[in-house]
Amino acid sequence: MVAHVLRLRIAQQLAPLRTRRRGSAIVADLLIVLAAAAAATGAVALQSTSAETLEVAVVLGGSLITLAFFLAPFGSPRPDPLDPAAFALLPLSPIALTGATMLAALTSLPLMAVIAVDIAAASSAVALGRPVVEAAAGVAAHALTCALVARLGYALAVRVRVGGRTREGATIVAILGVAVVIPAAAYAVSASWELGAPALIVTVAQVAALMPIGAAPALLATGGSAVIAVTTATLVVAITCWALIVRHALASPPRSAEQQEAGLGWLGILPTTATGVIAARSMIYWSRDVRYLANVAIIPIAGLVPVLPLLIAGVPVDVVALIPLPIIAAFLGWTIHNDLAYDSEAIWLHVVTSVRGVADRIGRLLPIVVIAIPMLSITIAVTAAVAGAWEHLGALVGVALALTLSGIGLSSVSSAAAAYPVARPGDSPFRQPQRAGGRGVLAPAVVLIGTFCVSVPTLIAAFGAVVSRTREDVDALWIGAGTGVGVLVFGVLIGALIFQRRGHRLIEIGQTR
């Protein structure tokens with residue numbers, strides 16, 4: 001039976017090459033082969049480096065590959081090629097099918113590319129003194145880990161695929177990829193490698209080596225009892241989970257009625273609770289309404305506005321590079337200070353259905369959080385690279401957390417307590433209605449100024465760490481995280497209370513033209 005499954009898997013991979021669209025399949029396969037060849041060449045070149053540099057490259061590279069195998073199914077429109085539910089009508093043993101699908105997964109072109117790169121890395125590790133047996137065990141463990149996490153990824157992503165929500169799944173994967181890859185590339189390019197791997201990246205590699213995604217590559221490069229234990233535990237847990245999934249699929253195959261969920265988008269991905277529905281509706285609004293998009297587009301522009309005048313005035317580049325981060329972080333939190341008004345008449349749905357204020361406040365935070373993760377990640381990386389402040393990464397993260405989370409917390413209060421009329425749906429975002437009173441001026445100003453005021457302790461600690469070159473990064477990080485989380489929690493709770501007490505007044509704001 002195992003041989004039969006292997007033959008089916010190989011035939012399945014060759015099938016696209018026999019169709020009319022074989023050109024795209026050939027191009028995709030060639031790209032995988034070229035990428036594997038380039039990576040293998042780089043892995044062989046590691047023989048001329050130190051053992052520490054080899055460890056960093058193999059562990060971090062292998063960790064990213066493992067993570068990619070897990071996340072790829074969430075953005076793939078295709079079903080699992082080794083879906084155990086496809087064998088549900090056959091008299092197969094769950095244990096045999098578990099083993100057969102695991103072996104068949106190793107025959108895919110991406111897995112074979114990973115194996116080729118791992119063999120090249122293992123040859124470099126052996127050249128630098130690594131025992132052959134342990135390096136070979138690392139190659140096998142990494143390949144098997146990638147195959148298993150891909151299967152588990154497909155199993156977890158079934159809610160995304162069945163409902164035809166791969167666009168939303170791809171969005172999540174892209175956001176995570178941007179938030180990780182761009183900062184990593186910025187650090188790799190800007191950091192000095194003359195004396196070996198930088199201290200920060202060595203620390204990251206050491207942490208990754210003790211995590212499920214990096215333990216198998218670490219076994220290949222360095223070994224150690226802790227690495228062996230984590231690798232073994234990872235494989236045991238992954239195999240057990242896959243065996244349980246196979247057993248469940250054979251016992252209760254999926255029903256075709258689930259196809260009726262197609263087309264719900266974010267509404268089908270997020271939980272079917274009040275908070276989840278509000279979050280899904282907010283995601284839809286933010287992705288399609290030009291008024292929201294205009295607010296987001298102006299944030300990086302606002303951060304770059306002071307840069308040119310300061311450079312012309314002769315301010316050093318490494319000092320100017322520190323300016324955009326606090327501005328962008330503050331404006332990210334400030335953006336939602338009037339989000340209720342953008343709902344227009346739709347706000348009455350929340351009021352008449354007695355939606356709890358906490359559900360409304362928390363649900364509306366998802367879009368700005370999704371936007372903030374990659375934007376702040378890139379901004380922090382660029383700031384650290386240009387200012388040469390990678391050793392003060394903790395201070396930069398603390399500033400970003402304090403300003404963004406505090407701004408979101410204060411905005412949660414402002415949007416419920418001091419909402420003011422805005423452009424109607426479909427109107428230009430730059431066309432604003434006439435307003436009676438000064439609420440439309442005071443509310444935004446109070447939120448923005450308040451955000452900077454509550455973040456003053458974090459800014460002072462970060463200033464001492466970055467500008468004065470002292471070692472206060474940990475203080476700035478903890479102060480920033482504590483301030484941001486504290487203001488966020490209190491802001492959501494106070495905003496929820498205000499929302500529940502003055503819901504009828506909010507309907508009037510939504511109806512104002």
# chains A, B, ... in the order shown; residues from 1 in each chain; ligands from 1

call {"tool": "residues_around", "arguments": {"residues": "region 277-280 of chain A", "least_positions_apart": "4", "cutoff": "7 Å", "atoms": "only C-alpha atoms", "output": "JSON, numbers by chain"}}
result
{"A": [266, 267, 270, 272, 273, 284, 360, 363, 364, 366]}

call {"tool": "residues_around", "arguments": {"residues": "Asp475 (chain A)", "least_positions_apart": "3", "cutoff": "10 Å", "atoms": "only C-alpha atoms", "output": "list in words"}}
result
Gly394, Ala395, Gly398, Pro457, Thr458, Ala461, Ala462, Ala465, Arg471, Glu472, Trp478, Ile479, Gly480 and Ala481 of chain A

call {"tool": "closest_atom_pairs", "arguments": {"of": "region 127-190 of chain A", "to": "region 228-249 of chain A", "cutoff": "7 Å", "atoms": "only C-alpha atoms", "output": "CSV"}}
result
residue,atom,partner,partner_atom,distance
A:Thr145,CA,A:Leu235,CA,6.5
A:Leu148,CA,A:Ala238,CA,6.3
A:Leu152,CA,A:Trp242,CA,6.6

call {"tool": "closest_atom_pairs", "arguments": {"of": "region 25-111 of chain A", "to": "region 167-190 of chain A", "cutoff": "8 Å", "atoms": "only C-alpha atoms", "output": "tab-separated table"}}
result
residue	atom	partner	partner_atom	distance
A:Leu71	CA	A:Val173	CA	6.3
A:Ala72	CA	A:Val173	CA	7.4
A:Phe74	CA	A:Gly169	CA	5.0
A:Gly75	CA	A:Ala170	CA	3.8
A:Ser76	CA	A:Ala170	CA	7.3

call {"tool": "write_last_selection", "arguments": {"atoms": "C-alpha atoms", "output": "compact mmCIF listing (two decimals), in the first residue's frame"}}
result
# COMPACT_ATOMS: atom_id res chain seq x y z
CA LEU A 71 2.39 28.80 6.49
CA ALA A 72 2.23 28.03 2.75
CA PHE A 74 -2.87 28.96 4.41
CA GLY A 75 -2.33 30.89 1.19
CA SER A 76 -2.65 27.99 -1.23

call {"tool": "residues_around", "arguments": {"residues": "region 124-134 of chain A", "least_positions_apart": "3", "cutoff": "12 Å", "atoms": "only C-alpha atoms", "output": "compact mmCIF listing (two decimals) with C-alpha atoms, in the first residue's frame"}}
result
# COMPACT_ATOMS: atom_id res chain seq x y z
CA ALA A 40 23.15 24.81 -1.97
CA THR A 41 26.03 26.82 -3.45
CA GLY A 42 25.86 29.22 -0.54
CA ALA A 43 25.72 26.33 1.91
CA VAL A 44 28.87 24.79 0.42
CA ALA A 45 30.61 28.17 0.66
CA LEU A 46 30.08 28.09 4.43
CA GLN A 47 33.03 25.67 4.62
CA SER A 48 35.34 28.69 4.46
CA THR A 49 33.70 30.39 7.45
CA SER A 50 33.74 29.73 11.17
CA ALA A 51 31.61 27.16 12.95
CA GLU A 52 29.62 29.97 14.58
CA THR A 53 28.76 31.54 11.23
CA LEU A 54 27.73 28.13 9.90
CA GLU A 55 25.48 27.59 12.92
CA VAL A 56 23.79 30.97 12.47
CA ALA A 57 23.21 30.50 8.75
CA VAL A 58 21.94 26.92 8.99
CA VAL A 59 19.71 27.42 12.04
CA VAL A 117 20.30 22.18 0.44
CA ASP A 118 20.54 20.36 3.76
CA ILE A 119 23.03 17.88 2.31
CA ALA A 120 25.16 20.78 1.09
CA ALA A 121 24.99 22.38 4.53
CA ALA A 137 20.52 12.78 11.34
CA GLY A 138 19.96 16.53 11.14
CA VAL A 139 19.26 16.31 7.41
CA ALA A 140 16.71 13.54 7.92
CA ALA A 141 15.08 15.27 10.89
CA ALA A 216 16.35 20.02 13.41
CA PRO A 217 18.65 22.46 11.53
CA ALA A 218 20.57 22.98 14.78
CA LEU A 219 21.04 19.20 15.04
CA LEU A 220 22.65 19.35 11.62
CA ALA A 221 24.96 22.23 12.50
CA THR A 222 25.84 21.96 16.19
CA GLY A 223 24.01 19.25 18.10
CA GLY A 224 23.84 19.10 21.87
CA SER A 225 21.58 17.26 24.29
CA VAL A 227 18.79 20.27 20.67
CA ILE A 228 18.40 16.50 20.38

call {"tool": "closest_residue", "arguments": {"among": "A:Ile373, A:Val467, A:Leu109, A:Ile380", "to": "Ala25 (chain A)", "atoms": "only C-alpha atoms"}}
result
A:Leu109

call {"tool": "residues_around", "arguments": {"residues": "Ile336 (chain A)", "least_positions_apart": "4", "cutoff": "9 Å", "atoms": "only C-alpha atoms", "output": "number ranges by chain"}}
result
A: 332, 340, 364-365, 368, 407-408, 411-412, 414-415

call {"tool": "write_last_selection", "arguments": {"atoms": "N, CA and C atoms", "output": "PDB file, in the first residue's frame"}}
result
ATOM      1  N   LEU A 332      -0.360  55.593  13.952  1.00  0.00           N
ATOM      2  CA  LEU A 332      -1.043  54.306  13.799  1.00  0.00           C
ATOM      3  C   LEU A 332      -2.135  54.145  14.854  1.00  0.00           C
ATOM      4  N   LEU A 340     -15.914  54.905  14.759  1.00  0.00           N
ATOM      5  CA  LEU A 340     -17.360  54.682  14.806  1.00  0.00           C
ATOM      6  C   LEU A 340     -18.095  55.544  13.791  1.00  0.00           C
ATOM      7  N   ARG A 364     -12.986  46.111  16.684  1.00  0.00           N
ATOM      8  CA  ARG A 364     -12.532  47.163  15.771  1.00  0.00           C
ATOM      9  C   ARG A 364     -11.014  47.347  15.772  1.00  0.00           C
ATOM     10  N   LEU A 365     -10.329  46.686  16.668  1.00  0.00           N
ATOM     11  CA  LEU A 365      -8.879  46.840  16.745  1.00  0.00           C
ATOM     12  C   LEU A 365      -8.128  45.979  15.734  1.00  0.00           C
ATOM     13  N   ILE A 368      -6.294  47.673  12.472  1.00  0.00           N
ATOM     14  CA  ILE A 368      -5.125  48.507  12.741  1.00  0.00           C
ATOM     15  C   ILE A 368      -3.967  47.676  13.274  1.00  0.00           C
ATOM     16  N   GLY A 407      -1.931  54.925  21.824  1.00  0.00           N
ATOM     17  CA  GLY A 407      -2.811  55.611  20.881  1.00  0.00           C
ATOM     18  C   GLY A 407      -4.083  54.836  20.613  1.00  0.00           C
ATOM     19  N   ILE A 408      -3.958  53.516  20.485  1.00  0.00           N
ATOM     20  CA  ILE A 408      -5.150  52.690  20.268  1.00  0.00           C
ATOM     21  C   ILE A 408      -6.072  52.749  21.483  1.00  0.00           C
ATOM     22  N   SER A 411      -7.716  56.144  21.583  1.00  0.00           N
ATOM     23  CA  SER A 411      -8.660  56.235  20.465  1.00  0.00           C
ATOM     24  C   SER A 411      -9.927  55.443  20.749  1.00  0.00           C
ATOM     25  N   SER A 412      -9.803  54.335  21.480  1.00  0.00           N
ATOM     26  CA  SER A 412     -10.986  53.551  21.833  1.00  0.00           C
ATOM     27  C   SER A 412     -11.939  54.354  22.708  1.00  0.00           C
ATOM     28  N   SER A 414     -11.922  57.855  22.680  1.00  0.00           N
ATOM     29  CA  SER A 414     -12.338  59.014  21.889  1.00  0.00           C
ATOM     30  C   SER A 414     -13.439  58.680  20.898  1.00  0.00           C
ATOM     31  N   SER A 415     -13.336  57.541  20.211  1.00  0.00           N
ATOM     32  CA  SER A 415     -14.322  57.218  19.180  1.00  0.00           C
ATOM     33  C   SER A 415     -15.700  56.980  19.767  1.00  0.00           C
TER      34      SER A 415
END

call {"tool": "residues_around", "arguments": {"residues": "Leu97 (chain A)", "least_positions_apart": "3", "cutoff": "8 Å", "atoms": "only C-alpha atoms", "output": "list in words"}}
result
Val2, Pro84, Leu92, Ser93, Pro94, Ala100, Thr101 and Val246 of chain A

call {"tool": "write_last_selection", "arguments": {"atoms": "N, CA and C atoms", "output": "PDB file, in the first residue's frame"}}
result
ATOM      1  N   VAL A   2       1.984   1.206   0.732  1.00  0.00           N
ATOM      2  CA  VAL A   2       2.885   2.351   0.776  1.00  0.00           C
ATOM      3  C   VAL A   2       3.438   2.643  -0.615  1.00  0.00           C
ATOM      4  N   PRO A  84      -5.786  12.862   3.793  1.00  0.00           N
ATOM      5  CA  PRO A  84      -6.209  11.503   4.173  1.00  0.00           C
ATOM      6  C   PRO A  84      -7.690  11.253   3.939  1.00  0.00           C
ATOM      7  N   LEU A  92      -8.322   0.998   4.598  1.00  0.00           N
ATOM      8  CA  LEU A  92      -6.924   1.181   4.947  1.00  0.00           C
ATOM      9  C   LEU A  92      -6.770   1.349   6.452  1.00  0.00           C
ATOM     10  N   SER A  93      -5.639   0.912   6.946  1.00  0.00           N
ATOM     11  CA  SER A  93      -5.316   1.086   8.355  1.00  0.00           C
ATOM     12  C   SER A  93      -4.822   2.511   8.595  1.00  0.00           C
ATOM     13  N   PRO A  94      -5.283   3.195   9.632  1.00  0.00           N
ATOM     14  CA  PRO A  94      -4.803   4.556   9.909  1.00  0.00           C
ATOM     15  C   PRO A  94      -3.293   4.620  10.104  1.00  0.00           C
ATOM     16  N   ALA A 100       2.479   6.006   5.108  1.00  0.00           N
ATOM     17  CA  ALA A 100       2.544   6.159   3.654  1.00  0.00           C
ATOM     18  C   ALA A 100       2.516   7.627   3.250  1.00  0.00           C
ATOM     19  N   THR A 101       1.652   8.404   3.859  1.00  0.00           N
ATOM     20  CA  THR A 101       1.568   9.827   3.506  1.00  0.00           C
ATOM     21  C   THR A 101       2.825  10.579   3.934  1.00  0.00           C
ATOM     22  N   VAL A 246      -5.229  11.732  10.602  1.00  0.00           N
ATOM     23  CA  VAL A 246      -5.533  10.658   9.651  1.00  0.00           C
ATOM     24  C   VAL A 246      -6.654   9.777  10.189  1.00  0.00           C
TER      25      VAL A 246
END

call {"tool": "select_by_dssp", "arguments": {"residues": "region 13-194 of chain A", "states": "alpha helix (DSSP H)", "output": "VMD selection string"}}
result
chain A and resid 13 to 14 22 to 45 51 to 75 94 to 105 109 to 127 132 to 156 158 to 162 166 to 190

call {"tool": "write_last_selection", "arguments": {"atoms": "C-alpha atoms", "output": "compact mmCIF listing (two decimals), in the first residue's frame"}}
result
# COMPACT_ATOMS: atom_id res chain seq x y z
CA GLN A 13 3.32 15.70 -9.42
CA LEU A 14 3.93 14.84 -13.07
CA ARG A 22 2.36 22.88 -18.45
CA GLY A 23 4.39 26.00 -19.28
CA SER A 24 3.61 27.63 -15.93
CA ALA A 25 4.26 24.34 -14.12
CA ILE A 26 7.65 23.99 -15.81
CA VAL A 27 8.57 27.57 -14.93
CA ALA A 28 7.58 27.02 -11.29
CA ASP A 29 9.64 23.84 -11.10
CA LEU A 30 12.63 25.56 -12.68
CA LEU A 31 12.42 28.38 -10.16
CA ILE A 32 12.45 25.86 -7.32
CA VAL A 33 15.46 24.09 -8.82
CA LEU A 34 17.35 27.37 -9.36
CA ALA A 35 16.59 28.55 -5.83
CA ALA A 36 17.77 25.23 -4.43
CA ALA A 37 20.95 25.39 -6.51
CA ALA A 38 21.72 28.91 -5.30
CA ALA A 39 21.05 27.97 -1.68
CA ALA A 40 23.15 24.81 -1.97
CA THR A 41 26.03 26.82 -3.45
CA GLY A 42 25.86 29.22 -0.54
CA ALA A 43 25.72 26.33 1.91
CA VAL A 44 28.87 24.79 0.42
CA ALA A 45 30.61 28.17 0.66
CA ALA A 51 31.61 27.16 12.95
CA GLU A 52 29.62 29.97 14.58
CA THR A 53 28.76 31.54 11.23
CA LEU A 54 27.73 28.13 9.90
CA GLU A 55 25.48 27.59 12.92
CA VAL A 56 23.79 30.97 12.47
CA ALA A 57 23.21 30.50 8.75
CA VAL A 58 21.94 26.92 8.99
CA VAL A 59 19.71 27.42 12.04
CA LEU A 60 18.08 30.64 10.86
CA GLY A 61 17.79 29.51 7.25
CA GLY A 62 16.38 26.14 8.27
CA SER A 63 13.94 27.79 10.68
CA LEU A 64 12.59 30.05 7.95
CA ILE A 65 12.19 27.07 5.61
CA THR A 66 10.28 25.11 8.24
CA LEU A 67 8.04 28.09 8.98
CA ALA A 68 7.41 28.57 5.26
CA PHE A 69 6.26 24.95 4.88
CA PHE A 70 3.78 25.46 7.72
CA LEU A 71 2.39 28.80 6.49
CA ALA A 72 2.23 28.03 2.75
CA PRO A 73 -1.00 25.97 2.96
CA PHE A 74 -2.87 28.96 4.41
CA GLY A 75 -2.33 30.89 1.19
CA PRO A 94 -4.80 4.56 9.91
CA ILE A 95 -1.29 3.62 10.99
CA ALA A 96 -0.31 2.41 7.51
CA LEU A 97 -1.83 5.49 5.86
CA THR A 98 0.00 7.76 8.31
CA GLY A 99 3.34 6.23 7.37
CA ALA A 100 2.54 6.16 3.65
CA THR A 101 1.57 9.83 3.51
CA MET A 102 4.66 10.84 5.47
CA LEU A 103 6.94 9.00 3.05
CA ALA A 104 5.05 10.28 0.01
CA ALA A 105 5.42 13.85 1.25
CA LEU A 109 9.95 18.80 -5.44
CA PRO A 110 10.10 21.42 -2.65
CA LEU A 111 11.05 18.72 -0.11
CA MET A 112 13.69 17.29 -2.43
CA ALA A 113 15.07 20.81 -2.85
CA VAL A 114 15.26 21.19 0.93
CA ILE A 115 17.03 17.84 1.22
CA ALA A 116 19.58 18.92 -1.40
CA VAL A 117 20.30 22.18 0.44
CA ASP A 118 20.54 20.36 3.76
CA ILE A 119 23.03 17.88 2.31
CA ALA A 120 25.16 20.78 1.09
CA ALA A 121 24.99 22.38 4.53
CA ALA A 122 25.83 19.05 6.16
CA SER A 123 28.94 18.72 3.99
CA SER A 124 30.10 22.11 5.24
CA ALA A 125 29.36 21.13 8.83
CA VAL A 126 31.36 17.91 8.43
CA ALA A 127 34.24 19.89 6.91
CA VAL A 132 28.91 12.60 9.80
CA VAL A 133 26.25 10.58 11.61
CA GLU A 134 24.90 13.58 13.53
CA ALA A 135 24.90 15.78 10.43
CA ALA A 136 23.02 13.10 8.49
CA ALA A 137 20.52 12.78 11.34
CA GLY A 138 19.96 16.53 11.14
CA VAL A 139 19.26 16.31 7.41
CA ALA A 140 16.71 13.54 7.92
CA ALA A 141 15.08 15.27 10.89
CA HIS A 142 14.72 18.59 9.05
CA ALA A 143 13.23 16.98 5.96
CA LEU A 144 10.75 15.00 8.04
CA THR A 145 9.87 18.07 10.11
CA CYS A 146 9.13 20.11 6.98
CA ALA A 147 6.96 17.33 5.57
CA LEU A 148 4.99 17.01 8.81
CA VAL A 149 4.45 20.72 9.43
CA ALA A 150 3.19 21.05 5.86
CA ARG A 151 0.64 18.31 6.51
CA LEU A 152 -0.39 19.96 9.78
CA GLY A 153 -0.59 23.31 8.03
CA TYR A 154 -2.97 21.89 5.44
CA ALA A 155 -5.08 20.36 8.20
CA LEU A 156 -5.31 23.65 10.11
CA VAL A 158 -8.94 23.57 5.90
CA ARG A 159 -11.29 26.30 7.20
CA VAL A 160 -9.59 28.73 4.83
CA ARG A 161 -9.58 26.45 1.78
CA VAL A 162 -13.05 24.90 2.09
CA THR A 166 -7.46 31.73 0.23
CA ARG A 167 -7.12 35.45 -0.51
CA GLU A 168 -7.55 36.24 3.17
CA GLY A 169 -5.21 33.41 4.11
CA ALA A 170 -2.60 34.66 1.65
CA THR A 171 -2.95 38.14 3.17
CA ILE A 172 -2.13 36.81 6.63
CA VAL A 173 0.86 34.85 5.33
CA ALA A 174 2.13 37.87 3.37
CA ILE A 175 1.87 40.13 6.42
CA LEU A 176 3.82 37.69 8.56
CA GLY A 177 6.38 37.24 5.80
CA VAL A 178 6.92 40.98 5.36
CA ALA A 179 7.15 41.49 9.12
CA VAL A 180 9.95 38.91 9.36
CA VAL A 181 11.84 38.88 6.05
CA ILE A 182 12.37 42.63 5.49
CA PRO A 183 13.77 43.34 8.98
CA ALA A 184 15.97 40.25 8.74
CA ALA A 185 17.29 41.37 5.35
CA ALA A 186 17.89 44.90 6.65
CA TYR A 187 19.87 43.56 9.57
CA ALA A 188 21.89 41.15 7.43
CA VAL A 189 22.86 43.96 5.03
CA SER A 190 23.60 46.69 7.57
